[in-house]
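Participant: Below is coords37.pdb; it holds PDB, C-alpha atoms and all ligand atoms.
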```pdb
ATOM      1  CA  MET A1097      19.358   5.571  11.224  1.00  0.00           C
ATOM      2  CA  GLU A1098      19.503   3.283  14.268  1.00  0.00           C
ATOM      3  CA  ASP A1099      15.978   1.926  14.137  1.00  0.00           C
ATOM      4  CA  GLY A1100      14.634   1.784  10.621  1.00  0.00           C
ATOM      5  CA  LEU A1101      11.236   3.067   9.628  1.00  0.00           C
ATOM      6  CA  PHE A1102       8.391   1.102   8.118  1.00  0.00           C
ATOM      7  CA  LEU A1103       6.304   3.223   5.744  1.00  0.00           C
ATOM      8  CA  VAL A1104       3.332   2.043   3.685  1.00  0.00           C
ATOM      9  CA  LEU A1105       1.694   3.603   0.620  1.00  0.00           C
ATOM     10  CA  GLU A1106      -1.984   2.784   0.196  1.00  0.00           C
ATOM     11  CA  GLY A1107      -4.943   3.692  -1.986  1.00  0.00           C
ATOM     12  CA  VAL A1108      -7.373   2.500  -4.635  1.00  0.00           C
ATOM     13  CA  GLU A1109      -6.314   1.083  -8.022  1.00  0.00           C
ATOM     14  CA  GLY A1110      -4.426   3.716  -9.978  1.00  0.00           C
ATOM     15  CA  ALA A1111      -4.098   6.100  -7.020  1.00  0.00           C
ATOM     16  CA  GLY A1112      -0.370   6.435  -7.688  1.00  0.00           C
ATOM     17  CA  LYS A1113       1.112   4.069  -5.082  1.00  0.00           C
ATOM     18  CA  THR A1114       3.801   2.542  -7.280  1.00  0.00           C
ATOM     19  CA  THR A1115       4.711   5.953  -8.722  1.00  0.00           C
ATOM     20  CA  GLN A1116       4.996   7.495  -5.254  1.00  0.00           C
ATOM     21  CA  VAL A1117       6.962   4.557  -3.827  1.00  0.00           C
ATOM     22  CA  ARG A1118       9.523   5.080  -6.586  1.00  0.00           C
ATOM     23  CA  LEU A1119       9.749   8.855  -5.993  1.00  0.00           C
ATOM     24  CA  LEU A1120       9.925   8.382  -2.236  1.00  0.00           C
ATOM     25  CA  GLU A1121      12.664   5.781  -2.612  1.00  0.00           C
ATOM     26  CA  GLU A1122      14.696   8.170  -4.798  1.00  0.00           C
ATOM     27  CA  TRP A1123      14.233  11.043  -2.364  1.00  0.00           C
ATOM     28  CA  LEU A1124      15.194   8.979   0.688  1.00  0.00           C
ATOM     29  CA  LYS A1125      18.253   7.542  -1.058  1.00  0.00           C
ATOM     30  CA  GLY A1126      19.243  11.058  -2.079  1.00  0.00           C
ATOM     31  CA  LEU A1127      19.145  11.979   1.601  1.00  0.00           C
ATOM     32  CA  GLY A1128      21.662   9.234   2.258  1.00  0.00           C
ATOM     33  CA  LEU A1129      19.225   6.763   3.798  1.00  0.00           C
ATOM     34  CA  ASP A1130      19.207   3.037   3.022  1.00  0.00           C
ATOM     35  CA  VAL A1131      15.882   2.048   1.517  1.00  0.00           C
ATOM     36  CA  THR A1132      14.125  -1.265   0.941  1.00  0.00           C
ATOM     37  CA  ALA A1133      11.079  -0.907  -1.290  1.00  0.00           C
ATOM     38  CA  ALA A1134       8.717  -3.768  -2.059  1.00  0.00           C
ATOM     39  CA  ARG A1135       5.159  -4.452  -3.128  1.00  0.00           C
ATOM     40  CA  GLU A1136       2.492  -6.518  -1.445  1.00  0.00           C
ATOM     41  CA  PRO A1137       1.510  -9.171  -2.179  1.00  0.00           C
ATOM     42  CA  GLY A1138       5.056  -9.760  -3.356  1.00  0.00           C
ATOM     43  CA  GLY A1139       8.448  -8.789  -2.081  1.00  0.00           C
ATOM     44  CA  THR A1140       9.390 -12.460  -1.600  1.00  0.00           C
ATOM     45  CA  ALA A1141       9.343 -15.472  -3.930  1.00  0.00           C
ATOM     46  CA  LEU A1142       6.304 -16.802  -2.058  1.00  0.00           C
ATOM     47  CA  GLY A1143       4.615 -13.411  -2.214  1.00  0.00           C
ATOM     48  CA  GLU A1144       5.161 -13.125  -5.961  1.00  0.00           C
ATOM     49  CA  ALA A1145       3.734 -16.641  -6.396  1.00  0.00           C
ATOM     50  CA  VAL A1146       0.653 -15.660  -4.377  1.00  0.00           C
ATOM     51  CA  ARG A1147       0.371 -12.475  -6.433  1.00  0.00           C
ATOM     52  CA  ALA A1148       0.407 -14.499  -9.652  1.00  0.00           C
ATOM     53  CA  VAL A1149      -2.467 -16.647  -8.361  1.00  0.00           C
ATOM     54  CA  LEU A1150      -4.512 -13.741  -6.989  1.00  0.00           C
ATOM     55  CA  LEU A1151      -4.049 -11.201  -9.742  1.00  0.00           C
ATOM     56  CA  ASP A1152      -2.959 -12.880 -12.967  1.00  0.00           C
ATOM     57  CA  ARG A1153      -5.231 -15.928 -13.020  1.00  0.00           C
ATOM     58  CA  SER A1154      -8.437 -14.069 -13.769  1.00  0.00           C
ATOM     59  CA  GLU A1155     -10.232 -17.312 -14.698  1.00  0.00           C
ATOM     60  CA  LEU A1156      -9.862 -18.653 -11.133  1.00  0.00           C
ATOM     61  CA  GLU A1157     -12.847 -18.631  -8.799  1.00  0.00           C
ATOM     62  CA  VAL A1158     -11.397 -17.530  -5.458  1.00  0.00           C
ATOM     63  CA  PRO A1159     -13.735 -17.469  -2.440  1.00  0.00           C
ATOM     64  CA  PRO A1160     -13.242 -14.330  -0.303  1.00  0.00           C
ATOM     65  CA  GLU A1161     -11.949 -16.422   2.613  1.00  0.00           C
ATOM     66  CA  SER A1162      -9.315 -18.022   0.378  1.00  0.00           C
ATOM     67  CA  GLU A1163      -8.337 -14.639  -1.013  1.00  0.00           C
ATOM     68  CA  LEU A1164      -7.871 -13.293   2.513  1.00  0.00           C
ATOM     69  CA  LEU A1165      -5.748 -16.242   3.622  1.00  0.00           C
ATOM     70  CA  LEU A1166      -3.591 -16.100   0.494  1.00  0.00           C
ATOM     71  CA  VAL A1167      -2.875 -12.404   0.999  1.00  0.00           C
ATOM     72  CA  LEU A1168      -2.020 -13.059   4.627  1.00  0.00           C
ATOM     73  CA  ALA A1169       0.169 -16.047   3.769  1.00  0.00           C
ATOM     74  CA  ALA A1170       2.205 -13.713   1.592  1.00  0.00           C
ATOM     75  CA  ARG A1171       2.246 -11.066   4.346  1.00  0.00           C
ATOM     76  CA  ALA A1172       3.719 -13.418   6.951  1.00  0.00           C
ATOM     77  CA  ALA A1173       6.684 -14.123   4.658  1.00  0.00           C
ATOM     78  CA  PHE A1174       7.014 -10.436   3.737  1.00  0.00           C
ATOM     79  CA  VAL A1175       7.237  -9.388   7.386  1.00  0.00           C
ATOM     80  CA  LYS A1176       9.676 -12.146   8.377  1.00  0.00           C
ATOM     81  CA  ASP A1177      11.924 -12.137   5.335  1.00  0.00           C
ATOM     82  CA  VAL A1178      11.839  -8.497   4.217  1.00  0.00           C
ATOM     83  CA  VAL A1179      10.529  -5.943   6.705  1.00  0.00           C
ATOM     84  CA  LEU A1180      12.023  -7.144   9.980  1.00  0.00           C
ATOM     85  CA  PRO A1181      15.564  -7.776   8.652  1.00  0.00           C
ATOM     86  CA  ALA A1182      15.577  -4.470   6.733  1.00  0.00           C
ATOM     87  CA  ARG A1183      14.387  -2.510   9.747  1.00  0.00           C
ATOM     88  CA  ALA A1184      16.952  -4.220  11.929  1.00  0.00           C
ATOM     89  CA  ARG A1185      19.650  -3.006   9.494  1.00  0.00           C
ATOM     90  CA  GLY A1186      18.305   0.530   9.924  1.00  0.00           C
ATOM     91  CA  ASP A1187      16.682   0.756   6.486  1.00  0.00           C
ATOM     92  CA  VAL A1188      13.613   2.736   5.658  1.00  0.00           C
ATOM     93  CA  VAL A1189      11.187   0.114   4.368  1.00  0.00           C
ATOM     94  CA  VAL A1190       8.621   1.412   1.893  1.00  0.00           C
ATOM     95  CA  ALA A1191       5.795  -0.999   1.110  1.00  0.00           C
ATOM     96  CA  ASP A1192       3.364  -0.682  -1.786  1.00  0.00           C
ATOM     97  CA  ARG A1193       0.249  -1.871   0.156  1.00  0.00           C
ATOM     98  CA  PHE A1194      -0.002  -3.643   3.546  1.00  0.00           C
ATOM     99  CA  SER A1195      -2.713  -4.329   6.159  1.00  0.00           C
ATOM    100  CA  LEU A1196      -4.916  -1.387   5.249  1.00  0.00           C
ATOM    101  CA  SER A1197      -5.436  -2.919   1.794  1.00  0.00           C
ATOM    102  CA  THR A1198      -6.645  -6.113   3.426  1.00  0.00           C
ATOM    103  CA  PHE A1199      -9.140  -4.215   5.583  1.00  0.00           C
ATOM    104  CA  ALA A1200     -10.371  -2.178   2.603  1.00  0.00           C
ATOM    105  CA  TYR A1201     -10.506  -4.981  -0.003  1.00  0.00           C
ATOM    106  CA  GLN A1202     -11.300  -8.140   1.948  1.00  0.00           C
ATOM    107  CA  ALA A1203     -13.479  -6.594   4.687  1.00  0.00           C
ATOM    108  CA  TYR A1204     -15.198  -3.584   3.059  1.00  0.00           C
ATOM    109  CA  GLY A1205     -14.906  -4.884  -0.511  1.00  0.00           C
ATOM    110  CA  ARG A1206     -15.552  -8.629  -0.140  1.00  0.00           C
ATOM    111  CA  GLY A1207     -17.693  -8.382   2.976  1.00  0.00           C
ATOM    112  CA  ILE A1208     -15.681 -10.436   5.484  1.00  0.00           C
ATOM    113  CA  GLU A1209     -16.242  -9.200   9.036  1.00  0.00           C
ATOM    114  CA  LEU A1210     -13.653  -6.504   9.822  1.00  0.00           C
ATOM    115  CA  GLU A1211     -12.816  -7.932  13.248  1.00  0.00           C
ATOM    116  CA  THR A1212     -12.021 -11.319  11.705  1.00  0.00           C
ATOM    117  CA  VAL A1213      -9.769  -9.688   9.127  1.00  0.00           C
ATOM    118  CA  ARG A1214      -8.015  -7.651  11.816  1.00  0.00           C
ATOM    119  CA  ARG A1215      -7.418 -10.710  13.999  1.00  0.00           C
ATOM    120  CA  LEU A1216      -5.978 -12.823  11.194  1.00  0.00           C
ATOM    121  CA  ASP A1217      -3.912  -9.922   9.878  1.00  0.00           C
ATOM    122  CA  ALA A1218      -2.393  -9.333  13.335  1.00  0.00           C
ATOM    123  CA  PHE A1219      -1.329 -12.991  13.369  1.00  0.00           C
ATOM    124  CA  ALA A1220       0.168 -12.782   9.877  1.00  0.00           C
ATOM    125  CA  ARG A1221       2.238  -9.671  10.596  1.00  0.00           C
ATOM    126  CA  ALA A1222       3.291 -10.995  14.018  1.00  0.00           C
ATOM    127  CA  GLY A1223       2.151  -7.733  15.597  1.00  0.00           C
ATOM    128  CA  LEU A1224       4.379  -5.519  13.434  1.00  0.00           C
ATOM    129  CA  GLU A1225       2.755  -2.137  12.725  1.00  0.00           C
ATOM    130  CA  PRO A1226       3.797   0.389  10.088  1.00  0.00           C
ATOM    131  CA  ASP A1227       5.273   3.557  11.585  1.00  0.00           C
ATOM    132  CA  LEU A1228       3.091   5.464   9.142  1.00  0.00           C
ATOM    133  CA  THR A1229       0.623   4.587   6.400  1.00  0.00           C
ATOM    134  CA  LEU A1230       0.223   7.217   3.690  1.00  0.00           C
ATOM    135  CA  LEU A1231      -3.206   6.880   2.131  1.00  0.00           C
ATOM    136  CA  LEU A1232      -3.302   8.328  -1.380  1.00  0.00           C
ATOM    137  CA  ASP A1233      -6.852   9.592  -1.538  1.00  0.00           C
ATOM    138  CA  LEU A1234      -8.299   9.576  -5.056  1.00  0.00           C
ATOM    139  CA  PRO A1235     -11.859   8.975  -6.305  1.00  0.00           C
ATOM    140  CA  PRO A1236     -11.854   5.395  -7.672  1.00  0.00           C
ATOM    141  CA  GLU A1237     -13.148   6.512 -11.084  1.00  0.00           C
ATOM    142  CA  GLU A1238     -10.131   8.812 -11.421  1.00  0.00           C
ATOM    143  CA  GLY A1239      -7.820   5.881 -10.651  1.00  0.00           C
ATOM    144  CA  VAL A1240      -9.515   3.815 -13.360  1.00  0.00           C
ATOM    145  CA  ARG A1241      -9.106   6.741 -15.760  1.00  0.00           C
ATOM    146  CA  ARG A1242      -5.373   6.960 -15.007  1.00  0.00           C
ATOM    147  CA  GLN A1243      -4.940   3.251 -15.654  1.00  0.00           C
ATOM    148  CA  ARG A1244      -6.898   3.440 -18.911  1.00  0.00           C
ATOM    149  CA  THR A1245      -4.747   6.343 -20.059  1.00  0.00           C
ATOM    150  CA  ALA A1246      -1.692   4.206 -19.309  1.00  0.00           C
ATOM    151  CA  GLY A1247      -3.238   1.343 -21.313  1.00  0.00           C
ATOM    152  CA  LYS A1248      -2.858  -0.995 -18.329  1.00  0.00           C
ATOM    153  CA  GLY A1249      -4.696  -4.336 -18.578  1.00  0.00           C
ATOM    154  CA  CYS A1250      -7.170  -5.360 -15.877  1.00  0.00           C
ATOM    155  CA  ASP A1251      -6.139  -7.954 -13.277  1.00  0.00           C
ATOM    156  CA  ARG A1252      -8.622 -10.163 -11.367  1.00  0.00           C
ATOM    157  CA  ILE A1253      -9.179  -7.636  -8.568  1.00  0.00           C
ATOM    158  CA  GLU A1254      -9.467  -4.700 -10.950  1.00  0.00           C
ATOM    159  CA  GLN A1255     -12.174  -6.607 -12.812  1.00  0.00           C
ATOM    160  CA  ALA A1256     -14.282  -6.899  -9.643  1.00  0.00           C
ATOM    161  CA  GLY A1257     -16.649  -4.094 -10.675  1.00  0.00           C
ATOM    162  CA  LYS A1258     -17.577  -0.543  -9.860  1.00  0.00           C
ATOM    163  CA  ALA A1259     -19.613  -1.287  -6.726  1.00  0.00           C
ATOM    164  CA  PHE A1260     -16.762  -3.325  -5.258  1.00  0.00           C
ATOM    165  CA  HIS A1261     -14.250  -0.531  -5.867  1.00  0.00           C
ATOM    166  CA  ALA A1262     -16.636   2.056  -4.428  1.00  0.00           C
ATOM    167  CA  ARG A1263     -16.846  -0.054  -1.232  1.00  0.00           C
ATOM    168  CA  VAL A1264     -13.046  -0.276  -1.118  1.00  0.00           C
ATOM    169  CA  ALA A1265     -12.741   3.512  -1.431  1.00  0.00           C
ATOM    170  CA  THR A1266     -15.367   4.032   1.288  1.00  0.00           C
ATOM    171  CA  GLY A1267     -13.492   1.529   3.438  1.00  0.00           C
ATOM    172  CA  TYR A1268     -10.204   3.368   3.110  1.00  0.00           C
ATOM    173  CA  ARG A1269     -11.812   6.641   4.161  1.00  0.00           C
ATOM    174  CA  ALA A1270     -13.672   5.051   7.080  1.00  0.00           C
ATOM    175  CA  LEU A1271     -10.487   3.377   8.303  1.00  0.00           C
ATOM    176  CA  ALA A1272      -8.573   6.651   8.106  1.00  0.00           C
ATOM    177  CA  ALA A1273     -11.374   8.471   9.952  1.00  0.00           C
ATOM    178  CA  SER A1274     -11.531   5.824  12.701  1.00  0.00           C
ATOM    179  CA  GLY A1275      -8.177   6.945  14.096  1.00  0.00           C
ATOM    180  CA  ASP A1276      -7.292   3.285  14.807  1.00  0.00           C
ATOM    181  CA  HIS A1277      -4.199   3.274  12.652  1.00  0.00           C
ATOM    182  CA  ARG A1278      -1.329   5.654  12.071  1.00  0.00           C
ATOM    183  CA  ILE A1279      -2.694   6.932   8.757  1.00  0.00           C
ATOM    184  CA  CYS A1280      -1.948  10.177   6.997  1.00  0.00           C
ATOM    185  CA  VAL A1281      -4.390  11.005   4.211  1.00  0.00           C
ATOM    186  CA  ILE A1282      -2.702  12.542   1.170  1.00  0.00           C
ATOM    187  CA  ASP A1283      -4.735  14.297  -1.507  1.00  0.00           C
ATOM    188  CA  ALA A1284      -3.658  12.340  -4.605  1.00  0.00           C
ATOM    189  CA  VAL A1285      -5.545  14.379  -7.217  1.00  0.00           C
ATOM    190  CA  GLY A1286      -2.647  16.668  -8.149  1.00  0.00           C
ATOM    191  CA  THR A1287       0.312  16.048 -10.402  1.00  0.00           C
ATOM    192  CA  THR A1288       2.829  13.347  -9.593  1.00  0.00           C
ATOM    193  CA  ASP A1289       5.276  15.973  -8.296  1.00  0.00           C
ATOM    194  CA  ALA A1290       2.624  17.761  -6.247  1.00  0.00           C
ATOM    195  CA  VAL A1291       1.620  14.500  -4.563  1.00  0.00           C
ATOM    196  CA  HIS A1292       5.273  13.671  -3.904  1.00  0.00           C
ATOM    197  CA  GLY A1293       5.631  17.093  -2.232  1.00  0.00           C
ATOM    198  CA  LEU A1294       2.702  16.245   0.056  1.00  0.00           C
ATOM    199  CA  VAL A1295       4.325  12.895   0.882  1.00  0.00           C
ATOM    200  CA  ARG A1296       7.574  14.642   1.845  1.00  0.00           C
ATOM    201  CA  ALA A1297       5.695  17.191   3.968  1.00  0.00           C
ATOM    202  CA  ALA A1298       3.791  14.421   5.758  1.00  0.00           C
ATOM    203  CA  LEU A1299       7.010  12.585   6.582  1.00  0.00           C
ATOM    204  CA  ARG A1300       8.711  15.729   7.835  1.00  0.00           C
ATOM    205  CA  GLU A1301       5.771  16.381  10.109  1.00  0.00           C
ATOM    206  CA  ALA A1302       5.477  12.795  11.346  1.00  0.00           C
ATOM    207  CA  PHE A1303       9.197  12.235  11.916  1.00  0.00           C
ATOM    208  CA  PRO A1304      10.737  15.627  12.680  1.00  0.00           C
ATOM    209  CA  GLY A1305      13.742  13.976  14.320  1.00  0.00           C
ATOM    210  CA  THR A1306      14.622  12.037  11.196  1.00  0.00           C
ATOM    211  CA  PHE A1307      13.799  14.629   8.566  1.00  0.00           C
ATOM    212  CA  ARG A1308      14.482  17.906  10.433  1.00  0.00           C
ATOM    213  CA  ILE A1309      17.912  18.462   8.983  1.00  0.00           C
ATOM    214  CA  LEU A1310      17.295  16.393   5.876  1.00  0.00           C
ATOM    215  CA  THR A1311      15.599  19.061   3.848  1.00  0.00           C
ATOM    216  CA  GLY A1312      16.163  17.757   0.342  1.00  0.00           C
TER
HETATM  217  N1  LIG A1401      -0.498  12.275  -9.851  1.00  0.00           N
HETATM  218  C1  LIG A1401      -0.732  11.661 -10.997  1.00  0.00           C
HETATM  219  N2  LIG A1401      -1.390  12.281 -11.995  1.00  0.00           N
HETATM  220  C2  LIG A1401      -1.644  11.652 -13.165  1.00  0.00           C
HETATM  221  N3  LIG A1401      -1.283  10.398 -13.453  1.00  0.00           N
HETATM  222  C3  LIG A1401      -0.628   9.717 -12.486  1.00  0.00           C
HETATM  223  C4  LIG A1401      -0.322  10.298 -11.220  1.00  0.00           C
HETATM  224  N4  LIG A1401       0.328   9.377 -10.468  1.00  0.00           N
HETATM  225  C5  LIG A1401       0.416   8.281 -11.232  1.00  0.00           C
HETATM  226  N5  LIG A1401      -0.142   8.475 -12.439  1.00  0.00           N
HETATM  227  C6  LIG A1401      -0.259   7.506 -13.545  1.00  0.00           C
HETATM  228  O1  LIG A1401      -1.420   6.736 -13.260  1.00  0.00           O
HETATM  229  C7  LIG A1401      -1.185   5.370 -13.510  1.00  0.00           C
HETATM  230  C8  LIG A1401      -1.359   4.605 -12.204  1.00  0.00           C
HETATM  231  O2  LIG A1401      -0.324   4.980 -11.313  1.00  0.00           O
HETATM  232  P1  LIG A1401       0.368   3.893 -10.384  1.00  0.00           P
HETATM  233  O3  LIG A1401       0.685   2.666 -11.141  1.00  0.00           O
HETATM  234  O4  LIG A1401       1.474   4.553  -9.647  1.00  0.00           O
HETATM  235  O5  LIG A1401      -0.854   3.606  -9.387  1.00  0.00           O
HETATM  236  P2  LIG A1401      -1.039   2.407  -8.371  1.00  0.00           P
HETATM  237  O6  LIG A1401      -1.766   2.984  -7.202  1.00  0.00           O
HETATM  238  O7  LIG A1401       0.260   1.754  -8.103  1.00  0.00           O
HETATM  239  O8  LIG A1401      -1.997   1.436  -9.203  1.00  0.00           O
HETATM  240  P3  LIG A1401      -2.293  -0.128  -8.932  1.00  0.00           P
HETATM  241  O9  LIG A1401      -3.309  -0.147  -7.846  1.00  0.00           O
HETATM  242  O10 LIG A1401      -2.828  -0.621 -10.207  1.00  0.00           O
HETATM  243  O11 LIG A1401      -0.992  -0.783  -8.559  1.00  0.00           O
HETATM  244  C9  LIG A1401       0.217   5.269 -14.082  1.00  0.00           C
HETATM  245  O12 LIG A1401       0.136   5.269 -15.479  1.00  0.00           O
HETATM  246  C10 LIG A1401       0.901   6.536 -13.584  1.00  0.00           C
HETATM  247  O13 LIG A1401       1.911   6.967 -14.466  1.00  0.00           O
HETATM  248 MG    MG A1402       0.847  -0.228  -8.289  1.00  0.00          MG
END
```
Here is a file; write its structure as structure tokens.
Ligand SMILES: Nc1ncnc2c1ncn2[C@@H]1O[C@H](COP(=O)(O)OP(=O)(O)OP(=O)(O)O)[C@@H](O)[C@H]1O
Ligand SMILES: [Mg+2]
Facilitator:
Amino acid sequence: MEDGLFLVLEGVEGAGKTTQVRLLEEWLKGLGLDVTAAREPGGTALGEAVRAVLLDRSELEVPPESELLLVLAARAAFVKDVVLPARARGDVVVADRFSLSTFAYQAYGRGIELETVRRLDAFARAGLEPDLTLLLDLPPEEGVRRQRTAGKGCDRIEQAGKAFHARVATGYRALAASGDHRICVIDAVGTTDAVHGLVRAALREAFPGTFRILTG
């Protein structure tokens, strides 16, 4: 591909983002495309360091404003060091979370004014927009159930409580409904394979030029 694509997977805890990023990466590679997949915060050494502070240090008191700025500090490095070079090479970049997470978690969840979050986020990503954000839509309690089944431990954000996660879920839906972003809502309730099929269908519809003849 001449100009790469920048795709983002989003959704509440346990919605299936990491699972679907992996399946999407395999599918795209099978179609002969070059893929760069990464998680946010993360994807760079700085991003992983920020992730360790934000998620693994559950004893830390982190004011919402600090949390926002840390996430965005990681994002600036992610965009500069990962997304832009990969897209310039013609890769499909698949990110596990990006700006929509920041709107849902730090604005709707933590209560920072959405316009402030948007402004700071635009600075951090230097204006770069995803070509498409796939929002895996799952009731938050179902996501928690999936994580429990997997025996996954709770990180600092996951510990934030039911009301917080309900606000995040509401935020995601409101953001998708606002039409402000290129978001495709994917019903994430079905099996892993069923959801992957919906992801493929959404990409074929959004990028017919790229995926028209690539019917894997
Ligand atoms: N469609 C599905 N049906 C049932 N279980 C699923 C499905 N997709 C993923 N899972 C399982 O649910 C758990 C959470 O999935 P996954 O880690 O992909 O979610 P996530 O959105 O990345 O979560 P987190 O927000 O914690 O990073 C995993 O154990 C995964 O195997
Ligand atoms: Mg994950």
Participant: Write as a list in words the residues around ligand MG 1402 (chain A), taking 12 Å as the cut-off and counting all atoms listed in the file.
Facilitator: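 Sorted by chain and then by number, the residues are Leu1105, Glu1106, Gly1107, Val1108, Glu1109, Gly1110, Ala1111, Gly1112, Lys1113, Thr1114, Thr1115, Gln1116, Val1117, Arg1118, Ala1134, Arg1135, Glu1136, Pro1137, Gly1138, Ala1191, Asp1192, Arg1193, Leu1232, Gly1239, Arg1242, Gln1243, Lys1248, Asp1251 and Glu1254 of chain A.
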Participant: Could you state which residues are captured by the PyMOL selection byres (((chain A and resi 1199) around 12) and not hetatm) in this file, as a ChimeraX atom specification?
Facilitator: /A:1106-1107,1164,1167-1168,1193-1198,1200-1218,1263-1272,1277
Participant: Smallest atom-to-atom distance to Arg1296 (chain A): which of A:Val1189, A:Ala1145, A:Val1131, A:Cys1280, using only C-alpha atoms?
Facilitator: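 Ranking A:Val1189, A:Ala1145, A:Val1131, A:Cys1280 by distance to Arg1296 (chain A), first place goes to A:Cys1280.
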Participant: Using Å and a single decimal, report how far CA of Val1240 (chain A) sits from CA of Thr1132 (chain A).
Facilitator: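 Between CA of Thr1132 (chain A) and CA of Val1240 (chain A) the gap works out to 28.1 Å.
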Participant: Would you work out the distance separating atom C6 of ligand LIG 1401 (chain A) from CA of Leu1230 (chain A), expressed in Å to one decimal?
Facilitator: 17.2 Å
Participant: In terms of the shortest atom-to-atom distance over all atoms listed in the file, which of A:Ile1279, A:Ala1298, A:Leu1127, A:Ile1253 is closest to ligand LIG 1401 (chain A)?
Facilitator: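 Smallest separation from ligand LIG 1401 (chain A) among the options: A:Ile1253.
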Participant: Box time for region 1193-1206 of chain A: axis-aligned, enclosing all its listed atoms, 4 Å extra on each side; report centre and edge lengths in Å to one decimal, as JSON.
Facilitator:
```
{"center_x": -7.7, "center_y": -5.0, "center_z": 2.8, "size_x": 23.8, "size_y": 15.2, "size_z": 14.7}
```
Participant: Evaluated on this file, the PyMOL selection byres (((chain A and resi 1123) around 12) and not hetatm) picks out some residues - which ones are they, written as number ranges by chain?
Facilitator: A: 1116-1122, 1124-1131, 1188, 1190, 1289, 1292-1293, 1295-1296, 1299, 1307, 1310-1312
Participant: For the selection you just gave me, I'd like the residues written to a file as a short mmCIF file (atom, residue, chain, number, x, y, z; two decimals), in the coordinates of the input, keeping C-alpha atoms.
Facilitator:
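After the write, selection-v2.cif holds the following:
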```cif
data_model
loop_
_atom_site.label_atom_id
_atom_site.label_comp_id
_atom_site.auth_asym_id
_atom_site.auth_seq_id
_atom_site.Cartn_x
_atom_site.Cartn_y
_atom_site.Cartn_z
CA GLN A 1116 5.00 7.50 -5.25
CA VAL A 1117 6.96 4.56 -3.83
CA ARG A 1118 9.52 5.08 -6.59
CA LEU A 1119 9.75 8.86 -5.99
CA LEU A 1120 9.93 8.38 -2.24
CA GLU A 1121 12.66 5.78 -2.61
CA GLU A 1122 14.70 8.17 -4.80
CA LEU A 1124 15.19 8.98 0.69
CA LYS A 1125 18.25 7.54 -1.06
CA GLY A 1126 19.24 11.06 -2.08
CA LEU A 1127 19.14 11.98 1.60
CA GLY A 1128 21.66 9.23 2.26
CA LEU A 1129 19.23 6.76 3.80
CA ASP A 1130 19.21 3.04 3.02
CA VAL A 1131 15.88 2.05 1.52
CA VAL A 1188 13.61 2.74 5.66
CA VAL A 1190 8.62 1.41 1.89
CA ASP A 1289 5.28 15.97 -8.30
CA HIS A 1292 5.27 13.67 -3.90
CA GLY A 1293 5.63 17.09 -2.23
CA VAL A 1295 4.32 12.90 0.88
CA ARG A 1296 7.57 14.64 1.84
CA LEU A 1299 7.01 12.58 6.58
CA PHE A 1307 13.80 14.63 8.57
CA LEU A 1310 17.30 16.39 5.88
CA THR A 1311 15.60 19.06 3.85
CA GLY A 1312 16.16 17.76 0.34
#
```
Participant: Evaluate the PyMOL selection byres (((chain A and resi 1148-1153) around 12) and not hetatm) on the structure here and hand back the selected residues as a PyMOL selection string.
Facilitator: chain A and resi 1136-1138+1141-1147+1154-1160+1162-1170+1249-1256
Participant: Pick the closest to Leu1180 (chain A) from A:Glu1237, A:Asp1283, A:Asp1099, A:Glu1301: which is it, counting all atoms listed in the file?
Facilitator: A:Asp1099
Participant: Pick the closest to ligand LIG 1401 (chain A) from A:Arg1244, A:Val1281, A:Asp1276, A:Ala1297: which is it, counting only C-alpha atoms and all ligand atoms?
Facilitator: A:Arg1244
Participant: Could you tell me how far atom C5 of ligand LIG 1401 (chain A) sits from CA of Arg1171 (chain A), in Å to one decimal place?
Facilitator: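 Straight-line distance from CA of Arg1171 (chain A) to atom C5 of ligand LIG 1401 (chain A) works out to 24.9 Å.
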Participant: Which is closest to ligand LIG 1401 (chain A) among A:Lys1258, A:Arg1241, A:Arg1183, A:Arg1300, if we use all atoms listed in the file?
Facilitator: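 Result for the nearest residue to ligand LIG 1401 (chain A): A:Arg1241.
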Participant: Would you mind completing region 1206-1213 of chain A to N, CA and C atoms and writing the output as a PDB file, in the frame of the given file?
Facilitator:
```pdb
ATOM      1  N   ARG A1206     -15.020  -7.255  -0.014  1.00  0.00           N
ATOM      2  CA  ARG A1206     -15.552  -8.629  -0.140  1.00  0.00           C
ATOM      3  C   ARG A1206     -16.597  -8.972   0.907  1.00  0.00           C
ATOM      4  N   GLY A1207     -16.634  -8.169   1.989  1.00  0.00           N
ATOM      5  CA  GLY A1207     -17.693  -8.382   2.976  1.00  0.00           C
ATOM      6  C   GLY A1207     -17.345  -9.316   4.121  1.00  0.00           C
ATOM      7  N   ILE A1208     -16.071  -9.640   4.310  1.00  0.00           N
ATOM      8  CA  ILE A1208     -15.681 -10.436   5.484  1.00  0.00           C
ATOM      9  C   ILE A1208     -15.691  -9.505   6.696  1.00  0.00           C
ATOM     10  N   GLU A1209     -16.126 -10.028   7.835  1.00  0.00           N
ATOM     11  CA  GLU A1209     -16.242  -9.200   9.036  1.00  0.00           C
ATOM     12  C   GLU A1209     -14.881  -8.561   9.366  1.00  0.00           C
ATOM     13  N   LEU A1210     -14.902  -7.246   9.615  1.00  0.00           N
ATOM     14  CA  LEU A1210     -13.653  -6.504   9.822  1.00  0.00           C
ATOM     15  C   LEU A1210     -12.854  -7.062  10.997  1.00  0.00           C
ATOM     16  N   GLU A1211     -13.538  -7.426  12.072  1.00  0.00           N
ATOM     17  CA  GLU A1211     -12.816  -7.932  13.248  1.00  0.00           C
ATOM     18  C   GLU A1211     -12.067  -9.221  12.936  1.00  0.00           C
ATOM     19  N   THR A1212     -12.674 -10.067  12.111  1.00  0.00           N
ATOM     20  CA  THR A1212     -12.021 -11.319  11.705  1.00  0.00           C
ATOM     21  C   THR A1212     -10.767 -11.002  10.891  1.00  0.00           C
ATOM     22  N   VAL A1213     -10.912 -10.065   9.964  1.00  0.00           N
ATOM     23  CA  VAL A1213      -9.769  -9.688   9.127  1.00  0.00           C
ATOM     24  C   VAL A1213      -8.653  -9.116   9.999  1.00  0.00           C
TER      25      VAL A1213
END
```
